[in-house]
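> A single structure is presented below for examination.
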Number of protein chains: 2
Amino acid sequence: MDKYIKIYEETRKKLKAYGYMMWLMSWDRETEAPKASLAYSAKQFSVIQEELYKIESDPEYMESIEKLYENIDQLENHDFKVEIKQAFKDLRMIKKVPKEEYLAYGLLTQEGPHIWAEAKEKNDFEMFRPTLEKIVDFNKKLVKYLETDELKGYDVLLDMYEEGFGVKEYDLFFNTVKEDLAPFVLEVTKIKHRFSRKLTKGLFPKDGQIKFAKYLIDVFNYDKNKGVLKESAHPFTSGVSSVDTRITTKYHEDNLASSIFSTIHEMGHAIYELQNDEKYDDTMLHGGTSLGIHESESRMYENMIGRSYAFWKIHYPKLVEIFPKQLNHITLEEFYRFINRSERSLIRIEADELTYALHVLVRYELEKQLISGKLKVRDLPKRWNGMMSKYVGKRPATDKEGVLQDIHWSFGSFGYFPTYALGSAYAAQIYDAMNKEINIEEAILNNQISLINEWLKEHVHRFGKSKTPKEILMFATKQEFDPSYYVNYLKRKFSE
Amino acid sequence: MDKYIKIYEETRKKLKAYGYMMWLMSWDRETEAPKASLAYSAKQFSVIQEELYKIESDPEYMESIEKLYENIDQLENHDFKVEIKQAFKDLRMIKKVPKEEYLAYGLLTQEGPHIWAEAKEKNDFEMFRPTLEKIVDFNKKLVKYLETDELKGYDVLLDMYEEGFGVKEYDLFFNTVKEDLAPFVLEVTKIKHRFSRKLTKGLFPKDGQIKFAKYLIDVFNYDKNKGVLKESAHPFTSGVSSVDTRITTKYHEDNLASSIFSTIHEMGHAIYELQNDEKYDDTMLHGGTSLGIHESESRMYENMIGRSYAFWKIHYPKLVEIFPKQLNHITLEEFYRFINRSERSLIRIEADELTYALHVLVRYELEKQLISGKLKVRDLPKRWNGMMSKYVGKRPATDKEGVLQDIHWSFGSFGYFPTYALGSAYAAQIYDAMNKEINIEEAILNNQISLINEWLKEHVHRFGKSKTPKEILMFATKQEFDPSYYVNYLKRKFSE
């Protein structure tokens, strides 16, 4: 066993270093790399990816994982066992997917986001279609390669992002949302609220928004020595260790709320990874345990903390100080209602807390159909628009604000979107458990978000990938997943 | 031969990709990586470096280079021959330097700049001393490992940066400078000029300086699709291909000229590499052929173009527009004299065009003594201060403005500084040749620096590393290196 452990650990060191390089390259490409250099850097990326593949598919390494897995009961360290289980699961990719297809797909999803970005800018779905078709085709093949007795079809992809959640579980969850939440949403979004033109049509210069974003970094205790705030086309978090997790935002001068809440959202993701136990930095257990749990943190920070009345009671004066002309005559109450208004909208990332799950539902249904083959990529824009009408009650006029709005499919993420809705539901349940131990509202009012960070570190963050989503939920909330916390939270908040 | 060519080309592809990754990592470390992450990223860097070393020292690859070198006359392509000659030369490093020492040194010089930066900030030479001692020791050993019949001692290091230039050549060059230029410099720096307090004590907010830097990017045609302008502790250029060459600057609110001329200087470096023939991107011939030639371009752009009267005649109004309060009552003439004033100063990168070579002379003499063993690192601060008094006529009061001012030794560059002075001399000679074919002053006055870029592309830039410095000089100026152009240019300009 010692021999296999040694091989595993030596290889892991290399995998971490290659992973680091590829992480950095992606970060650079998304935030700063000169436009004309993208093809050149993609070429270098594919060479490194091929080297990485050689390391991952080295027979000695694969044998070590198999031997360690066969004798897993002999391993004493819990975390190491978890690593070996995951490594064994990941071996499927190497053993079952032909190398050329795997590498070609890597290149495709490296270039995808740039093709998507141009297509979106030009509102030209046809420009993106061939790439998306290849990505969907690969995912359909991937499903066939990886199917087991337990996991079939779309479940193969869903399980990659949220262990233990397949079509059966998601259908149940989304049915609860549809039956219990949807009628309430229709009721609430019927009411039209009126807000001052200064809020809806005012201009908020980027300089001021940057200033406020920096202020938020301090409020949330996002450690500047371990993070970076930058700009990109689509806000995201990019983490590599407990000492380096970076975020981006995007400033819209005609939309004050956009950068504020995307910054808080991404800080939620980042604080999760920065609060992983540092002992995981050199292992494969650093990071979030699943996308659902990851999203629970970002949504809790964004919606349950960042959009709370208590939060703005103490931070609104700072915002007014930065934008006096625009906000001097807007009361705290009006601002609070403005950032919590609910309406039927087209863009997911700008959708409000209440309607958000319905946007995700559309993507979930479409992915199910794409992967099963019931829907062709060429019919996607039409089907998208139809579903938006049906579930969200609003029909996109252009693909830019329809099927082209999200970056995710362009880098190959299928089975990913549903975790977004799940994350909000987890968040409500975790928040409720935390609130039994600390007074969250008081912490916010005392500008002590560090108390919240600490509770989450202790109950969720520090474990990294060493616990499954279900284990995390049980540890933090002392019970199984229960979506009623989510529905109740939303009903309570939006009944006001 | 075909077999060897194939091995060489396959390996080169990998070397380019690894080089790219390491380049990006350095760029990130110097400009953006969170402080707390530096140790972690250094660890990943060393793993990759070890992988790279394996590729470079692969027996099959080394054999290929040796065979190709032995049969170099059979190769038809000129550029390929140059590559093979260089690869053969580089083999020395692998064959003669023990692997562990080579890797340890790589790590040392990766961490060096961060230790240096802290030591400089704290004005604490002792903090940097142990690192510098290790770096000097390694370079002394390196000299022993690499000595040949032709190259001995310090020459081994000098030749790495400027092929064909050793102590003999540099001594001659610096003697010319000392004998012909130094008395003139002493004469000129005796005169004290007085400038408006608005220029010497005024505050120039960073925002405005950034605005003007962006304006300069357009004036010089530095292609934004192939470049980035960012900030770092010490301005530098970082290039990886003809489609990606990035620069940094540093803004000092109490020093308007600093960021202006460092930006122009770095653009000179960047335009050189961006104007390399793109066919070299996938070969080892991309980049500047030597540091001297590289520096000739940056100094020509900075001093001969950027500090010319013609340049400010058309661009000064823009600067006044950005800083009206500070500059409204400063005439073009006063501003021109201000940016071309000459005085005895302590900081090399802030030294003026006239005294610059004397700062380099100090470093050249010290390096010669360090490498020969005549000087110990612990005595360096004292010797530095003594030489500054002797050659520049001014004695540093602190190490921060003395021996700790430059980053270069911290990443192991010995033999590098002398090329800086050589660069200015090359620049004067190349400028003279160019001026015979195009009217440079007129091009500047017509805001057509692109004409200058084009001439330099045709005569210098496009060749990358495919010609030696001496070949470049002969091609561009039709004659051997002649330092009198430099001395005459300075005398003419500063006699005004």
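To be explicit about the labels: the chains of the structure tokens are called A, B, and onward in the order shown, and within each one the residues are counted from 1, while ligands get numbers from 1 in the order they are shown.
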Would you kindly return, as a compact mmCIF listing (two decimals) with N, CA and C atoms, in the first residue's frame, each protein, DNA or RNA residue with an atom no farther than 6 Å from any atom of segment 280-297 of chain B, considering only C-alpha atoms and excluding same-chain residues fewer than 4 positions away?


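Result written to out.txt:
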```txt
# COMPACT_ATOMS: atom_id res chain seq x y z
N TYR B 161 23.87 37.95 -22.39
CA TYR B 161 22.91 39.01 -22.68
C TYR B 161 23.26 39.77 -23.97
N GLU B 162 24.55 39.76 -24.32
CA GLU B 162 24.96 40.52 -25.49
C GLU B 162 26.10 39.76 -26.17
N SER B 241 4.66 36.58 -27.39
CA SER B 241 4.41 36.31 -28.81
C SER B 241 4.15 37.62 -29.53
N GLY B 268 8.29 50.96 -26.15
CA GLY B 268 9.38 50.72 -27.08
C GLY B 268 9.79 49.25 -27.08
N GLU B 273 8.85 43.62 -29.83
CA GLU B 273 8.44 42.21 -29.85
C GLU B 273 7.16 41.97 -30.64
N THR B 419 24.19 46.27 -20.59
CA THR B 419 23.48 46.40 -21.87
C THR B 419 22.62 47.65 -21.92
N TYR B 420 22.22 48.15 -20.73
CA TYR B 420 21.40 49.35 -20.69
C TYR B 420 22.13 50.55 -21.31
N LEU B 422 24.75 50.34 -23.30
CA LEU B 422 25.00 49.99 -24.69
C LEU B 422 23.78 50.31 -25.55
N GLY B 423 22.60 50.04 -24.99
CA GLY B 423 21.35 50.28 -25.71
C GLY B 423 21.22 51.73 -26.16
N SER B 424 21.57 52.65 -25.29
CA SER B 424 21.48 54.07 -25.65
C SER B 424 22.42 54.39 -26.81
N TYR B 426 23.54 52.18 -29.12
CA TYR B 426 22.94 51.60 -30.34
C TYR B 426 21.84 52.53 -30.88
N ALA B 427 21.01 53.01 -29.94
CA ALA B 427 19.86 53.83 -30.33
C ALA B 427 20.29 55.03 -31.16
N GLY B 464 13.45 39.32 -35.06
CA GLY B 464 13.46 38.57 -33.80
C GLY B 464 14.88 38.21 -33.42
N LYS B 465 15.08 36.96 -33.06
CA LYS B 465 16.41 36.50 -32.67
C LYS B 465 17.16 35.87 -33.83
N SER B 466 16.67 36.06 -35.06
CA SER B 466 17.31 35.37 -36.18
C SER B 466 18.61 36.03 -36.63
```

> Given a cut-off of 6 Å, which residues of chain B touch chain A, counting only C-alpha atoms, written out as a list in words?

Ala17, Pro34, Lys35, Ala36, Ser37, Gln44, Asn225, Lys226, Gly227, Val243 and Asp244 of chain B

> Can you pull out the residues contacting Ile440 of chain B? Cut-off 9 Å, using only C-alpha atoms, and skip same-chain residues under 5 positions away; I want them as a list in words.

Ile305, Tyr431, Met434, Asn435, Leu445, Ile449, Leu451 and Ile452 of chain B

> Find the residues near Val188 of chain A: any atom within 12 Å, counting only C-alpha atoms, skip ones fewer than 2 places away on the same chain, and give them as a PyMOL selection string.

chain A and resi 181-186+190-193+340-344+354-355+490-491+493-496

> Compare B:Met300, B:Ile371, B:Leu380, B:Leu216 by their minimum atom-to-atom distance to Lys318 of chain B, counting only C-alpha atoms, and give me the closest one.

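Selected residue with least distance to Lys318 of chain B: B:Leu216.
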
> Determine, counting only C-alpha atoms, which protein, DNA and RNA residues have an atom within 12 Å of an atom of Lys144 of chain A; residues of the same chain fewer than 2 positions away are not included. Present the result as a PDB file with N, CA and C atoms, in the first residue's frame.


```
ATOM      1  N   ARG A  92     -13.182   6.919 -14.488  1.00  0.00           N
ATOM      2  CA  ARG A  92     -14.134   6.601 -15.569  1.00  0.00           C
ATOM      3  C   ARG A  92     -13.843   7.427 -16.813  1.00  0.00           C
ATOM      4  N   MET A  93     -13.595   8.721 -16.597  1.00  0.00           N
ATOM      5  CA  MET A  93     -13.342   9.645 -17.704  1.00  0.00           C
ATOM      6  C   MET A  93     -12.181   9.157 -18.559  1.00  0.00           C
ATOM      7  N   LYS A  96     -13.037   5.340 -19.969  1.00  0.00           N
ATOM      8  CA  LYS A  96     -14.186   5.126 -20.858  1.00  0.00           C
ATOM      9  C   LYS A  96     -14.303   6.119 -22.004  1.00  0.00           C
ATOM     10  N   VAL A  97     -13.662   7.287 -21.874  1.00  0.00           N
ATOM     11  CA  VAL A  97     -13.756   8.272 -22.960  1.00  0.00           C
ATOM     12  C   VAL A  97     -12.489   8.216 -23.805  1.00  0.00           C
ATOM     13  N   ASP A 137     -23.381  17.244 -28.639  1.00  0.00           N
ATOM     14  CA  ASP A 137     -23.079  15.889 -29.127  1.00  0.00           C
ATOM     15  C   ASP A 137     -22.090  15.182 -28.216  1.00  0.00           C
ATOM     16  N   PHE A 138     -21.058  15.918 -27.813  1.00  0.00           N
ATOM     17  CA  PHE A 138     -20.081  15.287 -26.927  1.00  0.00           C
ATOM     18  C   PHE A 138     -20.746  14.856 -25.623  1.00  0.00           C
ATOM     19  N   ASN A 139     -21.598  15.717 -25.074  1.00  0.00           N
ATOM     20  CA  ASN A 139     -22.236  15.375 -23.805  1.00  0.00           C
ATOM     21  C   ASN A 139     -23.163  14.168 -23.927  1.00  0.00           C
ATOM     22  N   LYS A 140     -23.820  14.039 -25.087  1.00  0.00           N
ATOM     23  CA  LYS A 140     -24.663  12.861 -25.310  1.00  0.00           C
ATOM     24  C   LYS A 140     -23.795  11.601 -25.365  1.00  0.00           C
ATOM     25  N   LYS A 141     -22.654  11.731 -26.033  1.00  0.00           N
ATOM     26  CA  LYS A 141     -21.747  10.580 -26.093  1.00  0.00           C
ATOM     27  C   LYS A 141     -21.187  10.264 -24.708  1.00  0.00           C
ATOM     28  N   LEU A 142     -20.859  11.325 -23.989  1.00  0.00           N
ATOM     29  CA  LEU A 142     -20.303  11.168 -22.644  1.00  0.00           C
ATOM     30  C   LEU A 142     -21.257  10.371 -21.758  1.00  0.00           C
ATOM     31  N   LEU A 146     -20.455   6.821 -19.847  1.00  0.00           N
ATOM     32  CA  LEU A 146     -20.359   6.763 -18.381  1.00  0.00           C
ATOM     33  C   LEU A 146     -21.557   6.121 -17.681  1.00  0.00           C
ATOM     34  N   GLU A 147     -22.569   5.754 -18.441  1.00  0.00           N
ATOM     35  CA  GLU A 147     -23.759   5.164 -17.810  1.00  0.00           C
ATOM     36  C   GLU A 147     -23.415   3.928 -16.980  1.00  0.00           C
ATOM     37  N   THR A 148     -24.093   3.817 -15.832  1.00  0.00           N
ATOM     38  CA  THR A 148     -23.937   2.632 -14.965  1.00  0.00           C
ATOM     39  C   THR A 148     -25.337   2.099 -14.659  1.00  0.00           C
ATOM     40  N   ASP A 149     -25.412   1.080 -13.826  1.00  0.00           N
ATOM     41  CA  ASP A 149     -26.721   0.552 -13.454  1.00  0.00           C
ATOM     42  C   ASP A 149     -27.547   1.590 -12.701  1.00  0.00           C
ATOM     43  N   LEU A 151     -26.904   5.059 -12.699  1.00  0.00           N
ATOM     44  CA  LEU A 151     -27.043   6.354 -13.361  1.00  0.00           C
ATOM     45  C   LEU A 151     -27.269   6.192 -14.860  1.00  0.00           C
ATOM     46  N   LYS A 152     -28.398   6.740 -15.339  1.00  0.00           N
ATOM     47  CA  LYS A 152     -28.720   6.660 -16.766  1.00  0.00           C
ATOM     48  C   LYS A 152     -28.973   8.067 -17.305  1.00  0.00           C
ATOM     49  N   GLY A 153     -28.729   8.249 -18.620  1.00  0.00           N
ATOM     50  CA  GLY A 153     -29.103   9.495 -19.300  1.00  0.00           C
ATOM     51  C   GLY A 153     -28.597  10.748 -18.596  1.00  0.00           C
ATOM     52  N   TYR A 154     -29.461  11.753 -18.538  1.00  0.00           N
ATOM     53  CA  TYR A 154     -29.151  13.067 -17.974  1.00  0.00           C
ATOM     54  C   TYR A 154     -28.635  12.962 -16.531  1.00  0.00           C
ATOM     55  N   ASP A 155     -29.077  11.905 -15.811  1.00  0.00           N
ATOM     56  CA  ASP A 155     -28.605  11.701 -14.427  1.00  0.00           C
ATOM     57  C   ASP A 155     -27.077  11.644 -14.341  1.00  0.00           C
ATOM     58  N   VAL A 156     -26.462  11.095 -15.373  1.00  0.00           N
ATOM     59  CA  VAL A 156     -24.992  11.004 -15.385  1.00  0.00           C
ATOM     60  C   VAL A 156     -24.389  12.389 -15.225  1.00  0.00           C
ATOM     61  N   LEU A 157     -24.952  13.353 -15.941  1.00  0.00           N
ATOM     62  CA  LEU A 157     -24.425  14.721 -15.879  1.00  0.00           C
ATOM     63  C   LEU A 157     -24.831  15.412 -14.577  1.00  0.00           C
ATOM     64  N   ILE A 371     -30.337  16.418 -24.106  1.00  0.00           N
ATOM     65  CA  ILE A 371     -29.526  15.233 -23.834  1.00  0.00           C
ATOM     66  C   ILE A 371     -30.265  13.952 -24.242  1.00  0.00           C
ATOM     67  N   SER A 372     -31.590  13.956 -24.082  1.00  0.00           N
ATOM     68  CA  SER A 372     -32.340  12.759 -24.478  1.00  0.00           C
ATOM     69  C   SER A 372     -32.512  12.707 -25.996  1.00  0.00           C
TER      70      SER A 372
END
```

> Report the distance between atom CA of Gly373 of chain A and atom CA of Ile349 of chain A in Å, rounded to one decimal place.

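Atom CA of Ile349 of chain A lies at a distance of 27.3 Å from atom CA of Gly373 of chain A.
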
> Would you mind listing what lies within 8 Å of Asp399 of chain B as a PyMOL selection string, with only C-alpha atoms counted and same-chain residues fewer than 6 positions away left out?

chain B and resi 120+123-125+381+405

> Could you give me, as a PyMOL selection string, each residue of segment 105-342 of chain B that DSSP assigns to helix (DSSP H, G or I) when run on this structure's backbone?

chain B and resi 105-121+125-146+154-161+167-188+197-200+206-219+256-274+278-280+291-305+309-322+324-327+332-339

> Could you give me, as a list in words, the residues within 12 Å of Glu334 of chain B, counting only C-alpha atoms and dropping anything in the same chain fewer than 5 positions from it?

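Returned residues: His193, Arg194, Phe195, Ser196, Arg197, Lys198, Leu199, Thr200, Tyr309, Trp312, Lys313, Tyr316, Leu327, Asn328, His329, Ile339, Asn340 and Arg341 of chain B.
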
> Can you measure atom CA of Thr131 of chain A to atom CA of Thr249 of chain A for me? One decimal in Å is fine.

26.2 Å

> Have a look at atom CA of Glu302 of chain A and atom CA of Met267 of chain A and let me know their distance in Å, one decimal.

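So the answer is 8.7 Å.
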
> Please identify which residues in segment 117-291 of chain A DSSP calls strand (DSSP E) from the backbone, and express them as a PyMOL selection string.

chain A and resi 229-231+237-241+244-249

> Which of these, B:Lys325, B:Val177, B:Phe311, B:Ser484, has the shortest distance to Glu442 of chain B once you count only C-alpha atoms?

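Using only C-alpha atoms, Glu442 of chain B sits closest to B:Phe311.
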
> With distances taken over only C-alpha atoms, which residue among B:His78, B:Lys478, B:His359, B:His234 lies nearest Ser389 of chain B?

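When distances to Ser389 of chain B are compared using only C-alpha atoms, the smallest one comes from B:His359.
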